[in-house]
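Accompanying notes for the structure given below.
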Amino acid sequence: METSSLSPKQGFTRHAALLLMVACAALTMQSCSRSEEARNASQGSSNQETQAAGMGMENAMDEKSKSAAATAKVFALQKVDTPQNGKRADFAWLEGKKTVKLSEVSSGKPVFINFWATWCPPCRRELPDIVELQKEYGTKVVFIGVAFENESKASKAAPLVSSFAQKNNLGYVNIVGDEELVGKISAAYGNVEALPTTFVIDKNGVVLEKLVGGRSKEDFLAALKKVL
C-alpha cells in the first residue's frame, strides 16, 4: 500500500495546507517531490501542453488540450453538508448553470468516492483500475473523484484535472474546489490526510469501507461486492 501525505505547514491554515504536498511517502521509505513527478509526467508531451497543465492557463493550451478540457467531466465543488447520523456527507457541484447534489445522482445506488491528485504517484497508478470498474459497474454504482490539487482556486485546478482526465479516459465525474471547500469536504469525510483515499458507501449512505493508500482492482472489487 502506498500513499502521498498531506501535512500542515507553518504559516498556512489547515484548509490551505490540504492543498500543498509536503511529502510523497511510500512504505518502502522512498520519497519523491512534486516537481520530480511533474517532470516524469511531462515526458512525451509537448512544451505547450506541459505549460498549460502546470499553470492552468487556458490561453496557453493548444486546440487539442482545449477540447480535452471542454469534454472532460470535471466540475467545481459548490457546497458541502455536515454528515448526519453516521452517514456520508452530501455535497453539490455546478454543471454549467445547474447545481447537482450527490444525494440526487446516487439515489438508491451505492457510491465510490476516490480522493486523489494529479501529482500523486499512487493515485495515478490505481486510476486505470478505477476506470475499468466504472465501465463494468457504472450502471449500478456512482463513481466520483475528488481532486486535491496544489491550487487555491477551483478555476486554476480545473484545466489541469480536465486535461489529465481526458488523456487518461476518466469517464466519471471529478470534482475540484477552492481551498475552503476542499477543507470542508476533507473534514466531512473524517479529515483526508493521505492520498489516495477511497470510500465505498452503500445505497443508504452508510460508509462501509475506507481504503487508505493505493489499492488493486481486486481490493476495490471486494469492497464493492459488499454494497452490490
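Each chain of the C-alpha cells is named A, B, ... in the order shown, its residues numbered from 1; ligands are numbered from 1 in display order.
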
Worksheet item: Residues at most 10 Å from range 210-222 of chain A, counting only C-alpha atoms, excluding those fewer than 6 positions away in the same chain, as a ChimeraX atom specification?
Response: /A:1-5,26,112-116,121-133,137,189,192-201

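Compared by their closest atoms to Phe75 in chain A, and using only C-alpha atoms, the residues A:Val176, A:Lys109, A:Phe148, A:Leu170 rank with A:Val176 nearest.
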
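Remark: for Leu228 in chain A, the closest of the candidate residues A:Lys87, A:Lys156, A:Lys140, A:Lys97 is A:Lys140 (distances computed over only C-alpha atoms).
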
Fill in: Top pick for closest residue to Glu180 in chain A, considering A:Glu151, A:Glu209, A:Glu104, A:Glu95 and counting only C-alpha atoms
A:Glu151

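CA of Gln134 in chain A to CA of Ala187 in chain A spans 26.0 Å [interatomic distance, one decimal].
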
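Comparing the minimum interatomic distances between Gly145 in chain A and each of A:Leu77, A:Lys203, A:Ser163, A:Gln84, counting only C-alpha atoms, we find that A:Leu77 sits nearest.
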
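The space separating CA of Lys101 in chain A from CA of Asn168 in chain A comes to 25.2 Å.
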
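Atom pair CA of Val74 in chain A / CA of Ile175 in chain A: separated by 5.7 Å.
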
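Distances to Gln78 in chain A were evaluated for A:Ala223, A:Gly177, A:Gly183, A:Glu136 using only C-alpha atoms, and the minimum falls at A:Gly177.
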
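Closest approach to Tyr172 in chain A from the set A:Lys226, A:Val141, A:Gly86, A:Trp119 is made by A:Val141, with distances taken over only C-alpha atoms.
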
Worksheet entry | Sel. of strand (DSSP E) residues, range 81-212 of chain A, as an MDAnalysis selection string | chainID A and resid 91:95 98:101 111:116 142:147 173:176 194:195 197:201 207:212

Item to complete: Determine which residues of range 106-147 of chain A receive a DSSP assignment of helix (DSSP H, G or I), computed from the backbone, and state them as a ChimeraX atom specification.
Response: /A:121-137
